[in-house]
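Chemist: Mind looking over this structure? Questions follow.
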Amino acid sequence: MINKRLRHRYSRQTVFPGIGDEGQAKLGRSSVVIIGCGALGCNIASLLVRAGVGRLRIIDRDFIEYHNLQRQVLFNENDIEAQLPKAIAAQRHLKKVNSSVEIEGIVADVNSGNIEKLISGTDIILDGLDNFETRFLINDAALKHKIPWVYGGAIASKGMTMNIIPGETACLRCIAPILPSRETTPTCETVGIVGTVPALIGALEATEAMKILIGSAEVSRELVIVDVWQRTFDLIDIKPRSDCPACHGRYDTLEKTSGVKMTSLCGQTRAIQVVDSSVSSIAFEQLAAQLKKLGDVSYNKFVLRFGIAGYEIIVFPDGRAIIKNTIDESLAKELYSKYVADLSHRT
C-alpha cells in the first residue's frame with residue numbers, strides 16, 4: 001500500500017479503476033530504464049516520473065542544442081548555456097518534479113559491451129532513440145534477459161510504437177529482419193519532425209509501460225502507426241517470424257566488438273560520434289592542458305569542447321567524442337586519433 005502523502009499526490013490516478021491503489025503501489029516498486037533522452041525520451045520520462053514509478057534510469061550519449069528545444073520538453077536555454085548532457089539535465093529537472101522517485105541520469109553510448117549492465121535489475125525498457133542500431137541491441141538484450149520493452153519511433157509527422165514481451169509477442173527483428181542502412185533511413189535533419197509526434201508516441205509508450213508494470217490485461221499486442229498531419233491511426237497485428245534469430249535465442253548484436261566505431265548522429269547537424277574501445281576514460285584537466293597549445297578549449301565535469309581548423313570536437317569522460325562540421329568518417333577518425341586518443345591515457 002502507498003502512504004497517505006503519496007495517496008493524495010496520485011489521487012487523480014488511483015481513482016481510475018485501471019490503476020487503483022494496488023496498481024499505484026506496483027508502479028512505486030518498479031524500476032524503469034529509458035534509453036535515449038531526445039524528444040521521445042523526454043516525454044516518456046516526464047510522464048512516468050509524474051505517474052510515480054519507483055526508480056528511473058535515463059541513458060543518453062548526447063548534449064543539448066538549441067534546435068532540440070522545439071520538441072525536447074525537459075530542457076531549456078539555461079541547460080545549453082551550462083553545457084549539460086541530456087541525461088544530467090533531465091535528471092535535474094525531474095528531481096524537481098517528483099523527489100520521491102529515484103532518478104539516475106547516465107551519460108553513455110549504449111553498446112554491446114555495456115547494455116546488459118545498464119539494463120540489469122530493471123522491470124521494463126523504453127525506447128527513446130533515433131536509430132535502429134541501438135534498438136537492435138535493446139531487442140537482443142531484452143529477449144536474452146526476458147525483460148519487456150516498448151519500441152517507439154517518430155519522424156516527420158509519423159510515429160509508431162509496439163510492446164515487445166519476450167516469449168509472448170513478436171520482436172523488433174520480426175518487423176525489421178535486417179538493420180536499415182543509414183543512407184536510406186530518413187532523419188529529423190533530412191525530413192524534419194513535428195513536435196506533437198514524439199509527444200503522442202511518448203504518451204502511448206508511457207501508458208503501455210504503466211499497463212505492463214501493473215500487470216494489466218489491456219496491454220497492447222499490436223503495432224500502432226500514427227500520422228498526426230493526416231489524422232490517421234492504424235493498428236497492425238504482427239506475428240512472430242518463424243525464422244527470427246532473436247526469438248530463437250541468437251543474439252547477434254550482443255557479440256562483443258572492439259576497435260573504432262563511428263556513428264552519424266541524427267540529432268546533430270553534420271556530426272560523427274567516435275568510440276574507440278582502447279580509450280575507456282579521459283582526464284579532462286590533462287587533455288585540456290595539451291589542447292590549449294593547439295586551439296580553443298573549455299570543459300566542465302561533463303564535457304570538453306575543443307575547436308580547431310573549423311571543426312569542433314566534443315569529448316565525454318568515457319572516451320567518446322563527437323566531431324562536428326563533418327560527415328566524413330575517415331576525417332572524423334583521424335581528428336579523434338590526433339586530438340583525443342593520442343593525447344589521452346589509454347586505459
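Labeling convention for the C-alpha cells: chains A, B, ... as they appear, residues from 1 per chain, ligands from 1 in order of appearance.
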Using DSSP assignments from the backbone, pull out every residue in stretch 104-315 of chain A that falls under strand (DSSP E or B) and give it to me as a PDB file with N, CA and C atoms, in the first residue's frame.

Modeler:
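Everything below was put into part14.pdb:
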```pdb
ATOM      1  N   GLU A 104      18.230   8.464 -11.990  1.00  0.00           N
ATOM      2  CA  GLU A 104      19.657   8.385 -12.305  1.00  0.00           C
ATOM      3  C   GLU A 104      19.870   8.718 -13.775  1.00  0.00           C
ATOM      4  N   GLY A 105      20.625   9.771 -14.042  1.00  0.00           N
ATOM      5  CA  GLY A 105      20.987  10.116 -15.409  1.00  0.00           C
ATOM      6  C   GLY A 105      22.377   9.603 -15.718  1.00  0.00           C
ATOM      7  N   ILE A 106      22.508   8.846 -16.783  1.00  0.00           N
ATOM      8  CA  ILE A 106      23.800   8.264 -17.170  1.00  0.00           C
ATOM      9  C   ILE A 106      24.179   8.760 -18.552  1.00  0.00           C
ATOM     10  N   VAL A 107      25.340   9.389 -18.656  1.00  0.00           N
ATOM     11  CA  VAL A 107      25.850   9.867 -19.942  1.00  0.00           C
ATOM     12  C   VAL A 107      26.705   8.755 -20.538  1.00  0.00           C
ATOM     13  N   ILE A 124      11.373  -2.935 -17.013  1.00  0.00           N
ATOM     14  CA  ILE A 124      10.952  -2.606 -18.371  1.00  0.00           C
ATOM     15  C   ILE A 124      11.943  -1.632 -18.985  1.00  0.00           C
ATOM     16  N   ILE A 125      12.094  -1.706 -20.308  1.00  0.00           N
ATOM     17  CA  ILE A 125      12.980  -0.804 -21.057  1.00  0.00           C
ATOM     18  C   ILE A 125      12.120  -0.026 -22.040  1.00  0.00           C
ATOM     19  N   LEU A 126      12.367   1.274 -22.129  1.00  0.00           N
ATOM     20  CA  LEU A 126      11.617   2.108 -23.065  1.00  0.00           C
ATOM     21  C   LEU A 126      12.549   2.743 -24.080  1.00  0.00           C
ATOM     22  N   ASP A 127      12.073   2.792 -25.303  1.00  0.00           N
ATOM     23  CA  ASP A 127      12.850   3.268 -26.446  1.00  0.00           C
ATOM     24  C   ASP A 127      12.614   4.760 -26.651  1.00  0.00           C
ATOM     25  N   TRP A 149      10.050  -4.670 -23.324  1.00  0.00           N
ATOM     26  CA  TRP A 149      10.474  -3.342 -23.750  1.00  0.00           C
ATOM     27  C   TRP A 149       9.446  -2.769 -24.726  1.00  0.00           C
ATOM     28  N   VAL A 150       9.420  -1.443 -24.795  1.00  0.00           N
ATOM     29  CA  VAL A 150       8.454  -0.755 -25.647  1.00  0.00           C
ATOM     30  C   VAL A 150       9.223  -0.011 -26.730  1.00  0.00           C
ATOM     31  N   TYR A 151       9.008  -0.440 -27.968  1.00  0.00           N
ATOM     32  CA  TYR A 151       9.628   0.213 -29.125  1.00  0.00           C
ATOM     33  C   TYR A 151       8.832   1.449 -29.495  1.00  0.00           C
ATOM     34  N   GLY A 152       9.523   2.513 -29.886  1.00  0.00           N
ATOM     35  CA  GLY A 152       8.848   3.709 -30.366  1.00  0.00           C
ATOM     36  C   GLY A 152       9.731   4.481 -31.321  1.00  0.00           C
ATOM     37  N   GLY A 153       9.123   5.138 -32.281  1.00  0.00           N
ATOM     38  CA  GLY A 153       9.868   5.961 -33.221  1.00  0.00           C
ATOM     39  C   GLY A 153       9.019   7.118 -33.686  1.00  0.00           C
ATOM     40  N   ALA A 154       9.664   8.221 -34.049  1.00  0.00           N
ATOM     41  CA  ALA A 154       8.936   9.405 -34.515  1.00  0.00           C
ATOM     42  C   ALA A 154       9.779  10.139 -35.546  1.00  0.00           C
ATOM     43  N   ILE A 155       9.162  10.490 -36.656  1.00  0.00           N
ATOM     44  CA  ILE A 155       9.863  11.214 -37.711  1.00  0.00           C
ATOM     45  C   ILE A 155       8.827  11.963 -38.551  1.00  0.00           C
ATOM     46  N   ALA A 156       9.161  13.161 -38.997  1.00  0.00           N
ATOM     47  CA  ALA A 156       8.237  13.985 -39.796  1.00  0.00           C
ATOM     48  C   ALA A 156       6.914  14.130 -39.038  1.00  0.00           C
ATOM     49  N   LYS A 158       4.913  11.344 -38.586  1.00  0.00           N
ATOM     50  CA  LYS A 158       4.515   9.966 -38.310  1.00  0.00           C
ATOM     51  C   LYS A 158       5.240   9.393 -37.085  1.00  0.00           C
ATOM     52  N   GLY A 159       4.579   8.454 -36.450  1.00  0.00           N
ATOM     53  CA  GLY A 159       5.195   7.757 -35.333  1.00  0.00           C
ATOM     54  C   GLY A 159       4.636   6.359 -35.200  1.00  0.00           C
ATOM     55  N   MET A 160       5.367   5.501 -34.503  1.00  0.00           N
ATOM     56  CA  MET A 160       4.889   4.140 -34.282  1.00  0.00           C
ATOM     57  C   MET A 160       5.414   3.613 -32.963  1.00  0.00           C
ATOM     58  N   THR A 161       4.716   2.641 -32.416  1.00  0.00           N
ATOM     59  CA  THR A 161       5.138   2.029 -31.167  1.00  0.00           C
ATOM     60  C   THR A 161       4.577   0.623 -31.079  1.00  0.00           C
ATOM     61  N   MET A 162       5.307  -0.247 -30.352  1.00  0.00           N
ATOM     62  CA  MET A 162       4.844  -1.614 -30.152  1.00  0.00           C
ATOM     63  C   MET A 162       5.482  -2.179 -28.895  1.00  0.00           C
ATOM     64  N   ASN A 163       4.682  -2.910 -28.132  1.00  0.00           N
ATOM     65  CA  ASN A 163       5.203  -3.612 -26.972  1.00  0.00           C
ATOM     66  C   ASN A 163       5.872  -4.902 -27.419  1.00  0.00           C
ATOM     67  N   ILE A 164       7.043  -5.177 -26.847  1.00  0.00           N
ATOM     68  CA  ILE A 164       7.754  -6.421 -27.140  1.00  0.00           C
ATOM     69  C   ILE A 164       7.941  -7.152 -25.816  1.00  0.00           C
ATOM     70  N   ILE A 193      10.617  17.131 -38.195  1.00  0.00           N
ATOM     71  CA  ILE A 193       9.727  16.450 -37.260  1.00  0.00           C
ATOM     72  C   ILE A 193       8.771  17.459 -36.639  1.00  0.00           C
ATOM     73  N   GLU A 222      -0.288  -5.002 -30.533  1.00  0.00           N
ATOM     74  CA  GLU A 222      -0.269  -4.562 -31.924  1.00  0.00           C
ATOM     75  C   GLU A 222       0.767  -3.470 -32.162  1.00  0.00           C
ATOM     76  N   LEU A 223       1.156  -3.323 -33.420  1.00  0.00           N
ATOM     77  CA  LEU A 223       1.973  -2.197 -33.852  1.00  0.00           C
ATOM     78  C   LEU A 223       1.045  -1.030 -34.131  1.00  0.00           C
ATOM     79  N   VAL A 224       1.281   0.087 -33.464  1.00  0.00           N
ATOM     80  CA  VAL A 224       0.458   1.279 -33.621  1.00  0.00           C
ATOM     81  C   VAL A 224       1.195   2.267 -34.523  1.00  0.00           C
ATOM     82  N   ILE A 225       0.542   2.742 -35.581  1.00  0.00           N
ATOM     83  CA  ILE A 225       1.145   3.707 -36.503  1.00  0.00           C
ATOM     84  C   ILE A 225       0.233   4.930 -36.583  1.00  0.00           C
ATOM     85  N   VAL A 226       0.828   6.104 -36.345  1.00  0.00           N
ATOM     86  CA  VAL A 226       0.053   7.346 -36.283  1.00  0.00           C
ATOM     87  C   VAL A 226       0.652   8.374 -37.238  1.00  0.00           C
ATOM     88  N   ASP A 227      -0.205   9.133 -37.893  1.00  0.00           N
ATOM     89  CA  ASP A 227       0.226  10.308 -38.658  1.00  0.00           C
ATOM     90  C   ASP A 227      -0.600  11.488 -38.156  1.00  0.00           C
ATOM     91  N   THR A 232      -4.395   9.956 -39.113  1.00  0.00           N
ATOM     92  CA  THR A 232      -4.632   8.516 -39.241  1.00  0.00           C
ATOM     93  C   THR A 232      -4.061   7.783 -38.035  1.00  0.00           C
ATOM     94  N   PHE A 233      -4.712   6.692 -37.671  1.00  0.00           N
ATOM     95  CA  PHE A 233      -4.306   5.901 -36.513  1.00  0.00           C
ATOM     96  C   PHE A 233      -4.582   4.441 -36.869  1.00  0.00           C
ATOM     97  N   ASP A 234      -3.532   3.671 -37.096  1.00  0.00           N
ATOM     98  CA  ASP A 234      -3.678   2.290 -37.564  1.00  0.00           C
ATOM     99  C   ASP A 234      -3.115   1.309 -36.539  1.00  0.00           C
ATOM    100  N   LEU A 235      -3.769   0.172 -36.405  1.00  0.00           N
ATOM    101  CA  LEU A 235      -3.315  -0.926 -35.556  1.00  0.00           C
ATOM    102  C   LEU A 235      -3.042  -2.128 -36.444  1.00  0.00           C
ATOM    103  N   ILE A 236      -1.827  -2.660 -36.348  1.00  0.00           N
ATOM    104  CA  ILE A 236      -1.433  -3.777 -37.214  1.00  0.00           C
ATOM    105  C   ILE A 236      -1.024  -4.955 -36.336  1.00  0.00           C
ATOM    106  N   ASP A 237      -1.609  -6.092 -36.603  1.00  0.00           N
ATOM    107  CA  ASP A 237      -1.280  -7.304 -35.857  1.00  0.00           C
ATOM    108  C   ASP A 237       0.008  -7.902 -36.427  1.00  0.00           C
ATOM    109  N   VAL A 260      37.556   0.902 -33.436  1.00  0.00           N
ATOM    110  CA  VAL A 260      36.965   2.231 -33.528  1.00  0.00           C
ATOM    111  C   VAL A 260      35.622   2.126 -34.248  1.00  0.00           C
ATOM    112  N   LYS A 261      34.595   2.687 -33.625  1.00  0.00           N
ATOM    113  CA  LYS A 261      33.251   2.666 -34.195  1.00  0.00           C
ATOM    114  C   LYS A 261      32.790   4.089 -34.422  1.00  0.00           C
ATOM    115  N   MET A 262      32.199   4.346 -35.607  1.00  0.00           N
ATOM    116  CA  MET A 262      31.715   5.684 -35.926  1.00  0.00           C
ATOM    117  C   MET A 262      30.237   5.647 -36.270  1.00  0.00           C
ATOM    118  N   THR A 263      29.511   6.666 -35.791  1.00  0.00           N
ATOM    119  CA  THR A 263      28.071   6.722 -35.976  1.00  0.00           C
ATOM    120  C   THR A 263      27.662   8.136 -36.361  1.00  0.00           C
ATOM    121  N   SER A 264      26.907   8.263 -37.456  1.00  0.00           N
ATOM    122  CA  SER A 264      26.328   9.560 -37.810  1.00  0.00           C
ATOM    123  C   SER A 264      25.169   9.841 -36.863  1.00  0.00           C
ATOM    124  N   ALA A 271      27.619  15.715 -37.994  1.00  0.00           N
ATOM    125  CA  ALA A 271      28.384  15.278 -36.829  1.00  0.00           C
ATOM    126  C   ALA A 271      28.555  13.766 -36.851  1.00  0.00           C
ATOM    127  N   ILE A 272      29.730  13.328 -36.400  1.00  0.00           N
ATOM    128  CA  ILE A 272      30.055  11.910 -36.308  1.00  0.00           C
ATOM    129  C   ILE A 272      30.472  11.605 -34.875  1.00  0.00           C
ATOM    130  N   GLN A 273      29.878  10.578 -34.276  1.00  0.00           N
ATOM    131  CA  GLN A 273      30.359  10.124 -32.971  1.00  0.00           C
ATOM    132  C   GLN A 273      31.440   9.074 -33.185  1.00  0.00           C
ATOM    133  N   VAL A 274      32.521   9.167 -32.412  1.00  0.00           N
ATOM    134  CA  VAL A 274      33.621   8.220 -32.498  1.00  0.00           C
ATOM    135  C   VAL A 274      33.790   7.545 -31.144  1.00  0.00           C
ATOM    136  N   VAL A 275      33.804   6.218 -31.161  1.00  0.00           N
ATOM    137  CA  VAL A 275      34.055   5.434 -29.947  1.00  0.00           C
ATOM    138  C   VAL A 275      35.243   4.527 -30.218  1.00  0.00           C
ATOM    139  N   ASP A 276      36.280   4.651 -29.398  1.00  0.00           N
ATOM    140  CA  ASP A 276      37.477   3.833 -29.519  1.00  0.00           C
ATOM    141  C   ASP A 276      37.561   2.942 -28.282  1.00  0.00           C
ATOM    142  N   ASP A 296      41.274  26.532 -29.161  1.00  0.00           N
ATOM    143  CA  ASP A 296      40.369  26.931 -28.089  1.00  0.00           C
ATOM    144  C   ASP A 296      39.788  25.705 -27.400  1.00  0.00           C
ATOM    145  N   VAL A 297      39.795  25.692 -26.069  1.00  0.00           N
ATOM    146  CA  VAL A 297      39.293  24.556 -25.309  1.00  0.00           C
ATOM    147  C   VAL A 297      38.565  25.039 -24.056  1.00  0.00           C
ATOM    148  N   SER A 298      37.478  24.380 -23.717  1.00  0.00           N
ATOM    149  CA  SER A 298      36.765  24.646 -22.470  1.00  0.00           C
ATOM    150  C   SER A 298      36.179  23.328 -21.989  1.00  0.00           C
ATOM    151  N   TYR A 299      35.944  23.221 -20.680  1.00  0.00           N
ATOM    152  CA  TYR A 299      35.369  21.977 -20.177  1.00  0.00           C
ATOM    153  C   TYR A 299      34.718  22.176 -18.821  1.00  0.00           C
ATOM    154  N   LEU A 304      34.045  18.196 -22.613  1.00  0.00           N
ATOM    155  CA  LEU A 304      35.155  19.067 -23.021  1.00  0.00           C
ATOM    156  C   LEU A 304      34.933  19.433 -24.480  1.00  0.00           C
ATOM    157  N   ARG A 305      35.107  20.730 -24.799  1.00  0.00           N
ATOM    158  CA  ARG A 305      34.931  21.207 -26.171  1.00  0.00           C
ATOM    159  C   ARG A 305      36.241  21.802 -26.669  1.00  0.00           C
ATOM    160  N   PHE A 306      36.585  21.426 -27.904  1.00  0.00           N
ATOM    161  CA  PHE A 306      37.845  21.886 -28.492  1.00  0.00           C
ATOM    162  C   PHE A 306      37.585  22.258 -29.943  1.00  0.00           C
ATOM    163  N   GLY A 307      38.040  23.445 -30.348  1.00  0.00           N
ATOM    164  CA  GLY A 307      37.850  23.889 -31.715  1.00  0.00           C
ATOM    165  C   GLY A 307      39.173  24.072 -32.435  1.00  0.00           C
ATOM    166  N   ILE A 308      39.238  23.561 -33.656  1.00  0.00           N
ATOM    167  CA  ILE A 308      40.450  23.724 -34.459  1.00  0.00           C
ATOM    168  C   ILE A 308      40.101  23.563 -35.942  1.00  0.00           C
ATOM    169  N   TYR A 311      36.598  22.751 -37.149  1.00  0.00           N
ATOM    170  CA  TYR A 311      35.929  21.592 -36.585  1.00  0.00           C
ATOM    171  C   TYR A 311      35.766  21.775 -35.079  1.00  0.00           C
ATOM    172  N   GLU A 312      34.694  21.227 -34.529  1.00  0.00           N
ATOM    173  CA  GLU A 312      34.507  21.230 -33.082  1.00  0.00           C
ATOM    174  C   GLU A 312      34.526  19.787 -32.598  1.00  0.00           C
ATOM    175  N   ILE A 313      35.358  19.521 -31.595  1.00  0.00           N
ATOM    176  CA  ILE A 313      35.466  18.177 -31.035  1.00  0.00           C
ATOM    177  C   ILE A 313      34.915  18.222 -29.611  1.00  0.00           C
ATOM    178  N   ILE A 314      33.881  17.419 -29.362  1.00  0.00           N
ATOM    179  CA  ILE A 314      33.227  17.384 -28.060  1.00  0.00           C
ATOM    180  C   ILE A 314      33.545  16.039 -27.427  1.00  0.00           C
ATOM    181  N   VAL A 315      34.227  16.062 -26.308  1.00  0.00           N
ATOM    182  CA  VAL A 315      34.734  14.847 -25.674  1.00  0.00           C
ATOM    183  C   VAL A 315      33.984  14.584 -24.374  1.00  0.00           C
TER     184      VAL A 315
END
```

Chemist: List as a list in words the protein and nucleic acid residues near A:Ala90, meaning an atom at most 10 Å away when only C-alpha atoms are counted, but skip any in the same chain fewer than 6 places from it.

Modeler: Cys37, Gly38, Gly41, Cys42, Ala45, Ser46, Ile58, Ile59, Asp60, Gln72, Val73, Leu74, Phe75, Asp79, Leu84, Ile103, Glu104 and Gly105 of chain A

Chemist: Go ahead and dump the residues you just picked, N, CA and C atoms, as a PDB file, in the first residue's frame.

Modeler:
```pdb
ATOM      1  N   CYS A  37      17.318  10.147 -24.622  1.00  0.00           N
ATOM      2  CA  CYS A  37      16.578  11.223 -23.973  1.00  0.00           C
ATOM      3  C   CYS A  37      16.429  12.407 -24.921  1.00  0.00           C
ATOM      4  N   GLY A  38      15.970  12.099 -26.127  1.00  0.00           N
ATOM      5  CA  GLY A  38      15.593  13.146 -27.059  1.00  0.00           C
ATOM      6  C   GLY A  38      14.128  13.471 -26.863  1.00  0.00           C
ATOM      7  N   GLY A  41      12.224  10.312 -25.393  1.00  0.00           N
ATOM      8  CA  GLY A  41      12.654  10.021 -24.030  1.00  0.00           C
ATOM      9  C   GLY A  41      12.204  11.063 -23.033  1.00  0.00           C
ATOM     10  N   CYS A  42      12.247  12.341 -23.435  1.00  0.00           N
ATOM     11  CA  CYS A  42      11.809  13.418 -22.538  1.00  0.00           C
ATOM     12  C   CYS A  42      10.339  13.252 -22.158  1.00  0.00           C
ATOM     13  N   ALA A  45       9.871  10.062 -19.937  1.00  0.00           N
ATOM     14  CA  ALA A  45      10.413  10.251 -18.593  1.00  0.00           C
ATOM     15  C   ALA A  45       9.527  11.152 -17.755  1.00  0.00           C
ATOM     16  N   SER A  46       9.080  12.251 -18.342  1.00  0.00           N
ATOM     17  CA  SER A  46       8.228  13.185 -17.610  1.00  0.00           C
ATOM     18  C   SER A  46       6.941  12.512 -17.151  1.00  0.00           C
ATOM     19  N   ILE A  58      17.888   7.041 -16.845  1.00  0.00           N
ATOM     20  CA  ILE A  58      17.848   7.671 -18.166  1.00  0.00           C
ATOM     21  C   ILE A  58      19.254   7.629 -18.754  1.00  0.00           C
ATOM     22  N   ILE A  59      19.385   7.038 -19.928  1.00  0.00           N
ATOM     23  CA  ILE A  59      20.701   6.892 -20.556  1.00  0.00           C
ATOM     24  C   ILE A  59      20.702   7.619 -21.887  1.00  0.00           C
ATOM     25  N   ASP A  60      21.669   8.507 -22.065  1.00  0.00           N
ATOM     26  CA  ASP A  60      21.778   9.241 -23.331  1.00  0.00           C
ATOM     27  C   ASP A  60      23.237   9.638 -23.540  1.00  0.00           C
ATOM     28  N   GLN A  72      11.996  18.780 -27.266  1.00  0.00           N
ATOM     29  CA  GLN A  72      12.533  18.026 -26.127  1.00  0.00           C
ATOM     30  C   GLN A  72      12.193  18.778 -24.844  1.00  0.00           C
ATOM     31  N   VAL A  73      11.093  18.369 -24.224  1.00  0.00           N
ATOM     32  CA  VAL A  73      10.384  19.192 -23.244  1.00  0.00           C
ATOM     33  C   VAL A  73      11.044  19.286 -21.869  1.00  0.00           C
ATOM     34  N   LEU A  74      12.094  18.542 -21.615  1.00  0.00           N
ATOM     35  CA  LEU A  74      12.749  18.609 -20.306  1.00  0.00           C
ATOM     36  C   LEU A  74      13.866  19.648 -20.241  1.00  0.00           C
ATOM     37  N   PHE A  75      14.187  20.292 -21.367  1.00  0.00           N
ATOM     38  CA  PHE A  75      15.353  21.159 -21.425  1.00  0.00           C
ATOM     39  C   PHE A  75      14.978  22.614 -21.654  1.00  0.00           C
ATOM     40  N   ASP A  79      20.148  25.162 -19.685  1.00  0.00           N
ATOM     41  CA  ASP A  79      20.862  23.888 -19.781  1.00  0.00           C
ATOM     42  C   ASP A  79      21.911  23.932 -20.884  1.00  0.00           C
ATOM     43  N   LEU A  84      25.194  21.165 -20.416  1.00  0.00           N
ATOM     44  CA  LEU A  84      24.804  19.935 -19.749  1.00  0.00           C
ATOM     45  C   LEU A  84      24.464  18.835 -20.745  1.00  0.00           C
ATOM     46  N   ILE A 103      15.961   8.851  -9.371  1.00  0.00           N
ATOM     47  CA  ILE A 103      16.270   9.147 -10.772  1.00  0.00           C
ATOM     48  C   ILE A 103      17.776   9.163 -10.981  1.00  0.00           C
ATOM     49  N   GLU A 104      18.230   8.464 -11.990  1.00  0.00           N
ATOM     50  CA  GLU A 104      19.657   8.385 -12.305  1.00  0.00           C
ATOM     51  C   GLU A 104      19.870   8.718 -13.775  1.00  0.00           C
ATOM     52  N   GLY A 105      20.625   9.771 -14.042  1.00  0.00           N
ATOM     53  CA  GLY A 105      20.987  10.116 -15.409  1.00  0.00           C
ATOM     54  C   GLY A 105      22.377   9.603 -15.718  1.00  0.00           C
TER      55      GLY A 105
END
```

Chemist: Give me, please, the distance in Å between atom CA of A:Glu218 and atom CA of A:Ala141, quoted to one decimal.

Modeler: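 Computing the Euclidean distance for atom CA of A:Glu218 and atom CA of A:Ala141 yields 25.0 Å.
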
Chemist: In Å, rounded to a single decimal, give me how far atom CA of A:Ile201 is from atom CA of A:Val110.

Modeler: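 Going from atom CA of A:Val110 over to atom CA of A:Ile201 covers 21.9 Å.
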
Chemist: Identify, with DSSP run on backbone atoms, the residues in stretch 193-320 of chain A assigned to helix (DSSP H, G or I), and express the list as a PyMOL selection string.

Modeler: chain A and resi 196-214+252-254+284-291

Chemist: Just to be explicit: take each residue in the selection above, keep C-alpha atoms, and write the result as a PDB file, in the first residue's frame.

Modeler:
```
ATOM      1  CA  THR A 196       3.458  16.719 -31.434  1.00  0.00           C
ATOM      2  CA  VAL A 197       4.502  13.346 -32.882  1.00  0.00           C
ATOM      3  CA  PRO A 198       7.008  12.383 -30.133  1.00  0.00           C
ATOM      4  CA  ALA A 199       4.593  13.855 -27.576  1.00  0.00           C
ATOM      5  CA  LEU A 200       1.888  11.450 -28.743  1.00  0.00           C
ATOM      6  CA  ILE A 201       4.129   8.409 -29.201  1.00  0.00           C
ATOM      7  CA  GLY A 202       5.850   9.110 -25.882  1.00  0.00           C
ATOM      8  CA  ALA A 203       2.442   9.214 -24.178  1.00  0.00           C
ATOM      9  CA  LEU A 204       1.486   5.895 -25.746  1.00  0.00           C
ATOM     10  CA  GLU A 205       4.798   4.317 -24.703  1.00  0.00           C
ATOM     11  CA  ALA A 206       4.431   5.575 -21.137  1.00  0.00           C
ATOM     12  CA  THR A 207       0.845   4.302 -20.947  1.00  0.00           C
ATOM     13  CA  GLU A 208       1.808   0.846 -22.188  1.00  0.00           C
ATOM     14  CA  ALA A 209       4.714   0.772 -19.740  1.00  0.00           C
ATOM     15  CA  MET A 210       2.330   1.504 -16.869  1.00  0.00           C
ATOM     16  CA  LYS A 211      -0.002  -1.284 -18.012  1.00  0.00           C
ATOM     17  CA  ILE A 212       2.873  -3.772 -18.257  1.00  0.00           C
ATOM     18  CA  LEU A 213       4.252  -2.784 -14.837  1.00  0.00           C
ATOM     19  CA  ILE A 214       0.929  -3.217 -13.023  1.00  0.00           C
ATOM     20  CA  ASP A 252      23.924 -11.438 -32.946  1.00  0.00           C
ATOM     21  CA  THR A 253      24.227  -7.778 -31.936  1.00  0.00           C
ATOM     22  CA  LEU A 254      25.451  -8.641 -28.427  1.00  0.00           C
ATOM     23  CA  PHE A 284      39.770  16.432 -18.860  1.00  0.00           C
ATOM     24  CA  GLU A 285      42.303  18.545 -16.992  1.00  0.00           C
ATOM     25  CA  GLN A 286      45.245  16.729 -18.591  1.00  0.00           C
ATOM     26  CA  LEU A 287      43.713  16.681 -22.074  1.00  0.00           C
ATOM     27  CA  ALA A 288      42.782  20.370 -21.843  1.00  0.00           C
ATOM     28  CA  ALA A 289      46.360  21.257 -20.916  1.00  0.00           C
ATOM     29  CA  GLN A 290      47.565  19.562 -24.104  1.00  0.00           C
ATOM     30  CA  LEU A 291      44.867  21.015 -26.353  1.00  0.00           C
TER      31      LEU A 291
END
```

Chemist: Between A:Asn139, A:Gln83, A:Asn43, A:Thr184, single out the one closest to A:Phe302, counting only C-alpha atoms.

Modeler: A:Gln83

Chemist: Using only C-alpha atoms, which residue out of A:Lys86, A:Arg29, A:Leu6, A:Gly113 lies closest to A:Asp62?

Modeler: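 Among the listed residues, the smallest separation from A:Asp62 belongs to A:Lys86.
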
Chemist: Using atom CA of A:Asn300 and atom CA of A:Ala283 as the two end points, give the distance in Å to one decimal.

Modeler: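 Straight-line distance from atom CA of A:Asn300 to atom CA of A:Ala283 works out to 11.2 Å.
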
Chemist: Hey, which of A:Val191, A:Cys171, A:Val33, A:Ile19 ends up closest to A:Lys117? Count only C-alpha atoms.

Modeler: A:Val33
